[in-house]
Amino acid sequence: MVRPYTVTRGRTRPSDRYAIDLMSRVTALDTDAAGSGVDHAGAALLELVRRGPRPVAEPAADADLPLTVVRVLLGDLAEAGLVLVRIDPPHRAPAGGAAADPGLLREIVDRLREIQCL
């Protein structure tokens, strides 16, 4: 087992150039590049990102690494030009849409209560 601080060489944050939070979207820039100069943990993370654009939380869960470590590694990959990290604005449902239907909301609450009682 390798300690997280060993993987990140003692760093706890990515460089100041990258604001990487839980919902930042990560995209691999060159899916054919071998990623030379990237360590084992970075290469494994890059393989996860190559599956398609994903929020940071997904490769962190798939890699079974703490979010802090994944943020540092993604910052390194971004510095190397291998990934693009973007912060997407939160998606809001349109006013008056299905999400605002009181009947639908009551049904959801009822179903959640049923699940809770199981």
# chains A, B, ... in the order shown; residues from 1 in each chain; ligands from 1
$ residues_around --residues "Thr27 of chain A" --least-positions-apart "5" --cutoff "8 Å" --atoms "only C-alpha atoms" --output "list in words"
Val49, Arg50, Gly52, Pro53, Arg54, Val83, Leu84 and Val85 of chain A
$ residues_around --residues "Ala63 of chain A" --least-positions-apart "6" --cutoff "12 Å" --atoms "only C-alpha atoms" --output "mmCIF file with N, CA and C atoms, in the first residue's frame"
data_model
loop_
_atom_site.group_PDB
_atom_site.id
_atom_site.type_symbol
_atom_site.label_atom_id
_atom_site.label_comp_id
_atom_site.auth_asym_id
_atom_site.auth_seq_id
_atom_site.Cartn_x
_atom_site.Cartn_y
_atom_site.Cartn_z
ATOM 1 N N ALA A 41 0.555 6.340 -10.985
ATOM 2 C CA ALA A 41 -0.749 6.797 -10.503
ATOM 3 C C ALA A 41 -1.385 7.770 -11.497
ATOM 4 N N GLY A 42 -0.580 8.668 -12.055
ATOM 5 C CA GLY A 42 -1.094 9.616 -13.048
ATOM 6 C C GLY A 42 -1.550 8.926 -14.312
ATOM 7 N N ALA A 43 -0.781 7.921 -14.745
ATOM 8 C CA ALA A 43 -1.144 7.175 -15.951
ATOM 9 C C ALA A 43 -2.444 6.401 -15.742
ATOM 10 N N ALA A 44 -2.614 5.811 -14.567
ATOM 11 C CA ALA A 44 -3.846 5.078 -14.271
ATOM 12 C C ALA A 44 -5.044 6.026 -14.252
ATOM 13 N N LEU A 45 -4.858 7.197 -13.682
ATOM 14 C CA LEU A 45 -5.927 8.195 -13.657
ATOM 15 C C LEU A 45 -6.241 8.690 -15.058
ATOM 16 N N LEU A 46 -5.214 8.884 -15.869
ATOM 17 C CA LEU A 46 -5.415 9.325 -17.246
ATOM 18 C C LEU A 46 -6.234 8.290 -18.026
ATOM 19 N N GLU A 47 -5.989 7.020 -17.794
ATOM 20 C CA GLU A 47 -6.773 5.971 -18.458
ATOM 21 C C GLU A 47 -8.246 6.075 -18.084
ATOM 22 N N LEU A 48 -8.522 6.401 -16.833
ATOM 23 C CA LEU A 48 -9.917 6.561 -16.406
ATOM 24 C C LEU A 48 -10.573 7.765 -17.073
ATOM 25 N N VAL A 49 -9.822 8.831 -17.240
ATOM 26 C CA VAL A 49 -10.357 10.052 -17.849
ATOM 27 C C VAL A 49 -10.565 9.870 -19.350
ATOM 28 N N VAL A 56 -14.859 15.170 -11.641
ATOM 29 C CA VAL A 56 -13.711 14.693 -10.860
ATOM 30 C C VAL A 56 -14.121 13.570 -9.905
ATOM 31 N N ALA A 57 -15.318 13.626 -9.389
ATOM 32 C CA ALA A 57 -15.765 12.618 -8.427
ATOM 33 C C ALA A 57 -15.740 11.209 -9.009
ATOM 34 N N VAL A 69 -5.864 13.588 -3.376
ATOM 35 C CA VAL A 69 -4.820 13.004 -4.224
ATOM 36 C C VAL A 69 -5.202 13.144 -5.687
ATOM 37 N N VAL A 70 -6.452 12.854 -6.018
ATOM 38 C CA VAL A 70 -6.907 12.944 -7.409
ATOM 39 C C VAL A 70 -6.805 14.378 -7.915
ATOM 40 N N LEU A 73 -3.142 15.004 -8.739
ATOM 41 C CA LEU A 73 -2.740 14.271 -9.942
ATOM 42 C C LEU A 73 -3.364 14.873 -11.195
#
$ atom_distance --atom1 "atom CA of Asp21 of chain A" --atom2 "atom CA of Asp39 of chain A"
22.3 Å
$ atom_distance --atom1 "atom CA of Met23 of chain A" --atom2 "atom CA of Arg86 of chain A"
9.0 Å
$ atom_distance --atom1 "atom CA of Gly103 of chain A" --atom2 "atom CA of Ile115 of chain A"
18.5 Å
